[in-house]
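What follows is coords29.cif (mmCIF, C-alpha atoms and all ligand atoms).
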data_entry
#
loop_
_atom_site.label_atom_id
_atom_site.label_comp_id
_atom_site.auth_asym_id
_atom_site.auth_seq_id
_atom_site.Cartn_x
_atom_site.Cartn_y
_atom_site.Cartn_z
CA MET A 26 -31.74 -56.56 -16.47
CA THR A 27 -29.07 -54.91 -18.62
CA THR A 28 -25.72 -55.99 -20.03
CA ARG A 29 -24.19 -53.77 -17.35
CA SER A 30 -25.95 -55.63 -14.53
CA ILE A 31 -24.93 -58.97 -16.09
CA ILE A 32 -21.26 -57.89 -16.13
CA ARG A 33 -21.53 -56.81 -12.49
CA LYS A 34 -22.70 -60.26 -11.43
CA LYS A 35 -19.32 -61.77 -12.32
CA GLY A 36 -17.65 -62.99 -9.15
CA GLN A 37 -20.76 -62.05 -7.13
CA GLU A 38 -23.56 -64.48 -8.02
CA PRO A 39 -24.24 -67.15 -10.68
CA ILE A 40 -25.97 -65.89 -13.84
CA VAL A 41 -29.01 -67.82 -15.07
CA MET A 42 -29.87 -68.01 -18.76
CA VAL A 43 -32.33 -70.19 -20.70
CA THR A 44 -33.45 -70.30 -24.29
CA ALA A 45 -36.97 -69.38 -25.39
CA TRP A 46 -38.57 -69.35 -28.81
CA ASP A 47 -42.01 -67.78 -28.45
CA SER A 48 -44.16 -65.75 -26.08
CA ILE A 49 -45.22 -68.81 -24.06
CA THR A 50 -41.68 -69.98 -23.32
CA ALA A 51 -40.47 -66.40 -22.76
CA ARG A 52 -43.28 -65.74 -20.26
CA MET A 53 -42.34 -68.93 -18.38
CA ALA A 54 -38.67 -67.92 -18.23
CA ALA A 55 -39.44 -64.36 -17.17
CA ALA A 56 -41.90 -65.52 -14.50
CA ALA A 57 -39.23 -67.83 -13.09
CA GLY A 58 -36.91 -64.83 -12.78
CA VAL A 59 -34.00 -65.86 -15.01
CA ASP A 60 -31.40 -63.16 -15.76
CA MET A 61 -31.21 -63.64 -19.52
CA ILE A 62 -33.23 -65.27 -22.29
CA LEU A 63 -31.43 -66.51 -25.38
CA VAL A 64 -33.41 -66.72 -28.61
CA GLY A 65 -31.04 -69.47 -29.64
CA ASP A 66 -30.63 -70.91 -33.09
CA SER A 67 -31.55 -74.14 -31.26
CA LEU A 68 -35.00 -72.88 -32.30
CA ALA A 69 -34.19 -75.02 -35.36
CA ASN A 70 -33.97 -78.30 -33.48
CA THR A 71 -36.50 -77.54 -30.76
CA ALA A 72 -39.59 -75.74 -32.07
CA LEU A 73 -38.90 -76.17 -35.79
CA GLY A 74 -38.08 -79.86 -35.82
CA TYR A 75 -34.77 -79.84 -37.74
CA SER A 76 -31.96 -82.19 -36.74
CA THR A 77 -29.29 -79.44 -36.63
CA THR A 78 -29.27 -75.67 -36.10
CA LEU A 79 -28.13 -74.97 -39.66
CA PRO A 80 -31.45 -74.57 -41.52
CA VAL A 81 -33.01 -71.82 -39.40
CA THR A 82 -33.14 -68.54 -41.33
CA LEU A 83 -32.49 -65.04 -40.12
CA GLU A 84 -36.09 -64.09 -40.94
CA ALA A 85 -37.41 -66.98 -38.83
CA MET A 86 -35.15 -65.88 -35.98
CA TYR A 87 -36.47 -62.30 -36.20
CA HIS A 88 -40.05 -63.61 -36.19
CA HIS A 89 -39.51 -65.74 -33.08
CA ALA A 90 -37.38 -63.12 -31.30
CA SER A 91 -40.20 -60.58 -31.65
CA ALA A 92 -42.60 -63.08 -30.06
CA VAL A 93 -40.12 -63.59 -27.19
CA THR A 94 -39.65 -59.89 -26.45
CA ARG A 95 -43.44 -59.38 -26.31
CA ALA A 96 -43.44 -61.55 -23.18
CA SER A 97 -39.94 -61.20 -21.69
CA GLY A 98 -40.68 -58.29 -19.31
CA GLU A 99 -37.51 -56.93 -17.73
CA THR A 100 -35.41 -59.97 -18.69
CA LEU A 101 -32.44 -59.30 -20.98
CA VAL A 102 -33.00 -60.95 -24.37
CA VAL A 103 -30.06 -62.05 -26.53
CA PHE A 104 -30.52 -62.84 -30.22
CA ASP A 105 -28.44 -65.70 -31.66
CA MET A 106 -27.09 -65.05 -35.17
CA PRO A 107 -27.86 -68.20 -37.20
CA PHE A 108 -25.59 -70.06 -39.63
CA LEU A 109 -24.31 -67.87 -42.51
CA ALA A 110 -26.15 -64.80 -41.23
CA CYS A 111 -22.90 -62.88 -40.86
CA CYS A 112 -20.80 -63.62 -43.90
CA GLY A 113 -21.58 -60.61 -46.09
CA ASN A 114 -19.66 -57.37 -45.87
CA LEU A 115 -19.23 -55.73 -42.50
CA ALA A 116 -21.95 -53.12 -43.05
CA GLU A 117 -24.51 -55.76 -44.10
CA ASP A 118 -23.64 -57.90 -41.09
CA VAL A 119 -23.95 -54.96 -38.71
CA ARG A 120 -27.38 -54.17 -40.20
CA ALA A 121 -28.50 -57.81 -39.86
CA CYS A 122 -27.46 -57.79 -36.19
CA GLY A 123 -28.91 -54.34 -35.60
CA ARG A 124 -32.36 -55.48 -36.75
CA ALA A 125 -32.46 -57.80 -33.73
CA LEU A 126 -32.39 -54.72 -31.51
CA LYS A 127 -34.21 -52.22 -33.71
CA GLU A 128 -37.07 -54.42 -34.95
CA CYS A 129 -37.28 -57.32 -32.49
CA GLY A 130 -36.56 -55.48 -29.23
CA CYS A 131 -33.61 -57.66 -28.15
CA GLN A 132 -30.78 -56.10 -26.14
CA ALA A 133 -27.76 -58.01 -27.48
CA VAL A 134 -26.65 -60.49 -30.12
CA LYS A 135 -24.67 -63.71 -29.75
CA MET A 136 -22.48 -65.26 -32.39
CA GLU A 137 -20.40 -68.40 -32.67
CA GLY A 138 -16.71 -68.06 -33.55
CA THR A 139 -14.02 -65.43 -33.58
CA ASN A 140 -15.11 -62.71 -36.00
CA THR A 141 -13.37 -59.95 -34.05
CA ASP A 142 -13.75 -57.36 -36.86
CA LEU A 143 -17.50 -57.78 -36.70
CA VAL A 144 -17.56 -57.68 -32.90
CA ARG A 145 -15.61 -54.37 -33.01
CA ALA A 146 -17.96 -52.94 -35.63
CA LEU A 147 -21.06 -53.95 -33.65
CA VAL A 148 -19.76 -52.59 -30.37
CA GLY A 149 -18.85 -49.41 -32.27
CA GLN A 150 -22.53 -49.08 -33.22
CA GLY A 151 -23.71 -49.72 -29.66
CA ILE A 152 -24.74 -53.35 -30.17
CA PRO A 153 -23.68 -55.55 -27.23
CA VAL A 154 -22.18 -58.90 -28.28
CA MET A 155 -22.01 -62.23 -26.49
CA GLY A 156 -19.34 -64.58 -27.87
CA HIS A 157 -19.73 -68.36 -28.21
CA LEU A 158 -16.74 -70.74 -28.21
CA GLY A 159 -16.07 -74.40 -27.41
CA LEU A 160 -18.56 -76.63 -29.19
CA MET A 161 -20.14 -74.50 -31.89
CA PRO A 162 -23.15 -76.45 -33.21
CA GLN A 163 -23.08 -74.54 -36.51
CA ARG A 164 -19.80 -76.44 -37.23
CA VAL A 165 -21.33 -79.88 -36.74
CA HIS A 166 -20.37 -81.00 -40.25
CA GLN A 167 -16.82 -79.73 -39.87
CA TYR A 168 -16.45 -81.66 -36.60
CA GLY A 169 -18.19 -84.73 -38.04
CA GLY A 170 -20.56 -84.79 -35.04
CA MET A 171 -21.05 -83.02 -31.74
CA PHE A 172 -17.94 -83.50 -29.59
CA VAL A 173 -16.40 -81.93 -26.50
CA GLN A 174 -13.94 -79.21 -27.57
CA GLY A 175 -10.84 -77.64 -26.00
CA ARG A 176 -9.26 -80.85 -24.71
CA GLY A 177 -5.45 -81.03 -24.21
CA GLU A 178 -3.46 -78.62 -26.40
CA ASP A 179 -6.67 -77.12 -27.84
CA ALA A 180 -7.32 -75.35 -24.54
CA THR A 181 -4.57 -72.80 -25.25
CA SER A 182 -5.97 -71.75 -28.63
CA LEU A 183 -9.50 -71.61 -27.25
CA LEU A 184 -8.38 -69.26 -24.47
CA ALA A 185 -6.50 -67.14 -27.02
CA SER A 186 -9.69 -66.85 -29.11
CA ALA A 187 -11.64 -65.90 -26.00
CA ARG A 188 -9.12 -63.17 -25.17
CA ALA A 189 -9.30 -61.84 -28.74
CA LEU A 190 -13.11 -61.62 -28.43
CA VAL A 191 -12.78 -59.85 -25.07
CA ASP A 192 -10.32 -57.35 -26.61
CA ALA A 193 -12.83 -56.78 -29.44
CA GLY A 194 -15.49 -55.86 -26.86
CA ILE A 195 -17.79 -58.83 -26.03
CA PHE A 196 -19.73 -58.34 -22.78
CA SER A 197 -19.91 -62.07 -22.01
CA LEU A 198 -19.01 -65.45 -23.47
CA VAL A 199 -20.90 -68.72 -23.86
CA LEU A 200 -18.59 -71.73 -23.51
CA GLU A 201 -20.18 -74.96 -24.71
CA CYS A 202 -19.08 -78.52 -23.94
CA VAL A 203 -15.49 -78.09 -22.78
CA PRO A 204 -13.63 -79.81 -19.93
CA GLU A 205 -14.54 -78.42 -16.50
CA GLU A 206 -10.90 -77.32 -15.92
CA LEU A 207 -11.00 -75.17 -19.05
CA GLY A 208 -14.33 -73.61 -18.03
CA ALA A 209 -12.82 -72.73 -14.64
CA ARG A 210 -9.70 -71.23 -16.24
CA ALA A 211 -11.75 -69.16 -18.66
CA ALA A 212 -13.93 -67.78 -15.84
CA ALA A 213 -10.87 -67.02 -13.71
CA GLU A 214 -8.79 -65.42 -16.48
CA LEU A 215 -11.37 -63.50 -18.51
CA PRO A 216 -12.78 -60.19 -17.24
CA VAL A 217 -16.27 -60.88 -18.68
CA PRO A 218 -18.90 -63.37 -17.43
CA VAL A 219 -18.40 -66.88 -18.82
CA ILE A 220 -21.75 -68.64 -19.24
CA GLY A 221 -21.35 -72.39 -19.51
CA ILE A 222 -23.39 -75.13 -21.13
CA GLY A 223 -21.49 -78.32 -20.42
CA ALA A 224 -18.52 -76.23 -19.19
CA GLY A 225 -18.66 -77.47 -15.63
CA ARG A 226 -19.40 -75.98 -12.24
CA HIS A 227 -16.84 -73.18 -11.97
CA VAL A 228 -18.01 -70.72 -14.63
CA ASP A 229 -19.92 -67.48 -13.95
CA GLY A 230 -23.33 -68.73 -15.06
CA GLN A 231 -25.22 -71.45 -16.88
CA VAL A 232 -27.38 -71.52 -20.01
CA GLN A 233 -29.68 -74.40 -20.89
CA VAL A 234 -31.99 -75.18 -23.77
CA LEU A 235 -35.51 -74.92 -22.31
CA ALA A 236 -36.75 -78.03 -24.12
CA ASP A 237 -34.10 -80.13 -22.30
CA LEU A 238 -34.82 -78.54 -18.95
CA LEU A 239 -38.59 -78.99 -19.19
CA GLY A 240 -38.55 -82.42 -20.79
CA LEU A 241 -40.35 -81.07 -23.84
CA ALA A 242 -38.37 -83.11 -26.33
CA PRO A 243 -38.93 -86.86 -26.36
CA GLY A 244 -35.75 -88.91 -26.16
CA LYS A 245 -32.43 -88.66 -24.37
CA THR A 246 -31.45 -85.61 -22.31
CA PRO A 247 -27.92 -84.37 -23.16
CA LYS A 248 -25.24 -85.19 -20.54
CA HIS A 249 -24.80 -81.51 -19.66
CA ALA A 250 -28.53 -80.99 -18.98
CA ASN A 251 -30.86 -81.85 -16.12
CA ARG A 252 -34.54 -82.61 -16.76
CA TYR A 253 -36.52 -80.64 -14.17
CA ALA A 254 -39.97 -81.57 -15.54
CA GLY A 255 -41.59 -84.02 -17.95
CA LEU A 256 -43.82 -81.65 -19.89
CA PHE A 257 -43.88 -83.73 -23.08
CA ASP A 258 -45.26 -86.74 -21.22
CA ALA A 259 -47.66 -84.52 -19.23
CA ALA A 260 -48.93 -82.97 -22.48
CA VAL A 261 -49.42 -86.34 -24.18
CA GLU A 262 -51.37 -87.51 -21.13
CA ALA A 263 -53.56 -84.36 -21.14
CA ILE A 264 -54.25 -84.49 -24.90
CA GLY A 265 -55.04 -88.20 -24.57
CA GLN A 266 -57.59 -87.45 -21.83
CA TYR A 267 -59.20 -84.77 -24.00
CA ALA A 268 -59.37 -87.18 -26.96
CA GLY A 269 -60.97 -89.83 -24.74
CA ASP A 270 -63.54 -87.32 -23.41
CA VAL A 271 -64.50 -86.21 -26.94
CA ARG A 272 -64.78 -89.79 -28.21
CA ASN A 273 -66.89 -90.83 -25.21
CA ARG A 274 -69.02 -87.65 -25.38
CA ARG A 275 -67.84 -86.46 -21.94
CA PHE A 276 -66.56 -83.17 -23.41
CA PRO A 277 -68.02 -80.65 -23.85
CA ASP A 278 -70.51 -80.82 -21.00
CA GLN A 279 -73.06 -78.20 -20.13
CA GLN A 280 -70.64 -75.76 -18.44
CA HIS A 281 -68.81 -75.35 -21.76
CA THR A 282 -71.91 -74.48 -23.78
CA PHE A 283 -73.66 -71.17 -24.57
CA GLY A 284 -77.35 -70.41 -24.09
CA ASP A 285 -79.50 -68.29 -26.37
CA THR A 286 -79.59 -65.27 -24.02
O1 LIG B 1 -28.92 -71.87 -29.67
C1 LIG B 1 -28.70 -72.22 -28.50
O2 LIG B 1 -29.55 -72.76 -27.80
C2 LIG B 1 -27.38 -71.95 -27.97
C3 LIG B 1 -27.08 -72.51 -26.61
C4 LIG B 1 -26.68 -73.92 -26.77
C5 LIG B 1 -26.06 -71.70 -25.90
O3 LIG B 1 -26.57 -71.37 -28.62
#

Rewrite the coordinates I just gave you, this time as structure tokens.
Ligand code: KIV
Amino acid sequence: MTTRSIIRKKGQEPIVMVTAWDSITARMAAAAGVDMILVGDSLANTALGYSTTLPVTLEAMYHHASAVTRASGETLVVFDMPFLACCGNLAEDVRACGRALKECGCQAVKMEGTNTDLVRALVGQGIPVMGHLGLMPQRVHQYGGMFVQGRGEDATSLLASARALVDAGIFSLVLECVPEELGARAAAELPVPVIGIGAGRHVDGQVQVLADLLGLAPGKTPKHANRYAGLFDAAVEAIGQYAGDVRNRRFPDQQHTFGDT
């Protein structure tokens, strides 16, 4: 899968994207045949156990992205620029983004917000960029929580930001937690694929955090997500059985042991 084939899917077929954070999750996503894998900064609040996405470092993202691309096969892998990763000078920011391709083997970067100068500079260096508007989790403290964005009058400025990103050269746009009408308008008016997460049914594709989809995180599933499996509960059950077998001397049994010859 390439950025070119993703662009071509617009108006033809829904685009499927999930997050992954290591070789195990990437192999699952690739085996299921998704179009794109996002090494999201949600790594922070899934695999790393933080309560927001803010603490994850660029180095940690590189480390995990490299693990993902070792198992992603032909699936397009997008690297999410974490909080404050792109606030140096333009050349430093381009280098930081470029490392995701050069060292980690990703094919594109994603970034929250409207840094059109950086998008232009990246595209100028041959680095494909996915935008991210609507709810931007890196702004959680500015919002004072995680709320639906782009309601009422705000829809106009959000669409203007999206157009500015398109003019700067993004190949696709993630739209997070906006009213369904706004998601539909964005998909209809923008020439690039709009990938929704909580942006309703009428966008060009969907992205979900794998931990939500697989039921890997204990607790409530977000309103925009659907739990397709209960892997956390299944894992607790399996580990509990193992613990019981060890304590009752049922494991290991003879088939798990080695002879002298
Ligand atoms: O980091 C992430 O998982 C994301 C998705 C919510 C799109 O940015």

Surrounding residues as a count of residues only, ligand LIG 1 (chain B), max 6 Å, all atoms listed in the file:
5

Within 6 Å of region 220-230 of chain A, which residues of region 118-208 of chain A come that close, and what is the closest atom pair and distance in Å for each? Count only C-alpha atoms and give it as a tab-separated table.
residue	atom	partner	partner_atom	distance
A:Leu198	CA	A:Ile220	CA	6.0
A:Val199	CA	A:Ile220	CA	4.7
A:Leu200	CA	A:Gly221	CA	4.9
A:Glu201	CA	A:Ile222	CA	4.8
A:Cys202	CA	A:Gly223	CA	4.3
A:Val203	CA	A:Ala224	CA	5.1
A:Glu205	CA	A:Gly225	CA	4.3
A:Gly208	CA	A:Ala224	CA	5.1

Interatomic distance, CA of His249 (chain A) to CA of Gly58 (chain A) (Å, one decimal)
21.7 Å

So how many Å separate CA of Ala92 (chain A) and CA of Ile264 (chain A), to one decimal?
24.9 Å

Between CA of Tyr87 (chain A) and CA of Gly151 (chain A), what is the distance, to one decimal in Å?
19.1 Å

From the list A:Gln280, A:Gln167, A:Asn114, A:Ser197, which residue is nearest Pro153 (chain A) when using all atoms listed in the file?
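Counting all atoms listed in the file, the residue closest to Pro153 (chain A) is A:Ser197.
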
My list of candidates is A:Leu160, A:Leu143, A:Leu126, A:Val119. Which is closest to Val173 (chain A) when distances are computed with all atoms listed in the file?
A:Leu160

With a distance cut-off of 10 Å and all atoms listed in the file, select the neighbouring residues of Leu190 (chain A), excluding the residue or stretch itself and same-chain residues fewer than 2 positions from it, and output the selection as a list of chain:residue names.
A:Gly138, A:Thr139, A:Asn140, A:Thr141, A:Asp142, A:Val144, A:Arg145, A:Val154, A:Met155, A:Gly156, A:His157, A:Leu158, A:Leu184, A:Ala185, A:Ser186, A:Ala187, A:Arg188, A:Asp192, A:Ala193, A:Gly194, A:Ile195, A:Phe196, A:Ser197, A:Leu198

Of the listed residues A:Gln233, A:Thr181, A:Ser48, A:Thr27, that which approaches Gln132 (chain A) most closely, counting all atoms listed in the file
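Looking at the shortest contact to Gln132 (chain A), the residue is A:Thr27.
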
Which residue out of A:Gly244, A:Pro107, A:Gly36, A:Pro204 has the minimum interatomic distance to Val64 (chain A) when all atoms listed in the file are used?
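Comparing A:Gly244, A:Pro107, A:Gly36, A:Pro204 against Val64 (chain A), the winner is A:Pro107.
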
Given only C-alpha atoms as the basis, pick out the residue of A:Leu235, A:Leu256, A:Ala90, A:Ala125 nearest to Asn70 (chain A).
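The closest residue to Asn70 (chain A) is A:Leu235.
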
Fill-in result for region 130-152 of chain A, N, CA and C atoms as a compact mmCIF listing (two decimals), in the frame of the given file:
# COMPACT_ATOMS: atom_id res chain seq x y z
N GLY A 130 -36.56 -55.90 -30.64
CA GLY A 130 -36.56 -55.48 -29.23
C GLY A 130 -35.60 -56.26 -28.35
N CYS A 131 -34.63 -56.97 -28.96
CA CYS A 131 -33.61 -57.66 -28.15
C CYS A 131 -32.58 -56.63 -27.66
N GLN A 132 -31.77 -57.05 -26.68
CA GLN A 132 -30.78 -56.10 -26.14
C GLN A 132 -29.35 -56.43 -26.53
N ALA A 133 -29.12 -57.60 -27.13
CA ALA A 133 -27.76 -58.01 -27.48
C ALA A 133 -27.84 -59.11 -28.53
N VAL A 134 -26.71 -59.35 -29.19
CA VAL A 134 -26.65 -60.49 -30.12
C VAL A 134 -25.55 -61.44 -29.64
N LYS A 135 -25.70 -62.70 -30.03
CA LYS A 135 -24.67 -63.71 -29.75
C LYS A 135 -24.21 -64.28 -31.07
N MET A 136 -22.92 -64.59 -31.16
CA MET A 136 -22.48 -65.26 -32.39
C MET A 136 -21.38 -66.26 -32.09
N GLU A 137 -21.43 -67.37 -32.80
CA GLU A 137 -20.40 -68.40 -32.67
C GLU A 137 -19.13 -67.93 -33.38
N GLY A 138 -17.97 -68.29 -32.83
CA GLY A 138 -16.71 -68.06 -33.55
C GLY A 138 -15.98 -66.81 -33.13
N THR A 139 -14.99 -66.46 -33.97
CA THR A 139 -14.02 -65.43 -33.58
C THR A 139 -13.97 -64.31 -34.60
N ASN A 140 -15.10 -63.81 -35.03
CA ASN A 140 -15.11 -62.71 -36.00
C ASN A 140 -14.93 -61.39 -35.25
N THR A 141 -13.64 -61.11 -34.91
CA THR A 141 -13.37 -59.95 -34.05
C THR A 141 -13.64 -58.62 -34.78
N ASP A 142 -13.45 -58.61 -36.12
CA ASP A 142 -13.75 -57.36 -36.86
C ASP A 142 -15.22 -57.01 -36.71
N LEU A 143 -16.07 -58.02 -36.83
CA LEU A 143 -17.50 -57.78 -36.70
C LEU A 143 -17.86 -57.37 -35.28
N VAL A 144 -17.27 -58.04 -34.30
CA VAL A 144 -17.56 -57.68 -32.90
C VAL A 144 -17.20 -56.21 -32.67
N ARG A 145 -16.02 -55.79 -33.17
CA ARG A 145 -15.61 -54.37 -33.01
C ARG A 145 -16.62 -53.44 -33.67
N ALA A 146 -17.03 -53.80 -34.89
CA ALA A 146 -17.96 -52.94 -35.63
C ALA A 146 -19.30 -52.84 -34.89
N LEU A 147 -19.77 -53.95 -34.36
CA LEU A 147 -21.06 -53.95 -33.65
C LEU A 147 -20.97 -53.11 -32.38
N VAL A 148 -19.92 -53.35 -31.62
CA VAL A 148 -19.76 -52.59 -30.37
C VAL A 148 -19.63 -51.10 -30.70
N GLY A 149 -18.97 -50.80 -31.82
CA GLY A 149 -18.85 -49.41 -32.27
C GLY A 149 -20.20 -48.77 -32.57
N GLN A 150 -21.17 -49.59 -32.93
CA GLN A 150 -22.53 -49.08 -33.22
C GLN A 150 -23.45 -49.19 -31.99
N GLY A 151 -22.90 -49.63 -30.88
CA GLY A 151 -23.71 -49.72 -29.66
C GLY A 151 -24.50 -51.01 -29.55
N ILE A 152 -24.04 -52.04 -30.25
CA ILE A 152 -24.74 -53.35 -30.17
C ILE A 152 -23.92 -54.31 -29.29
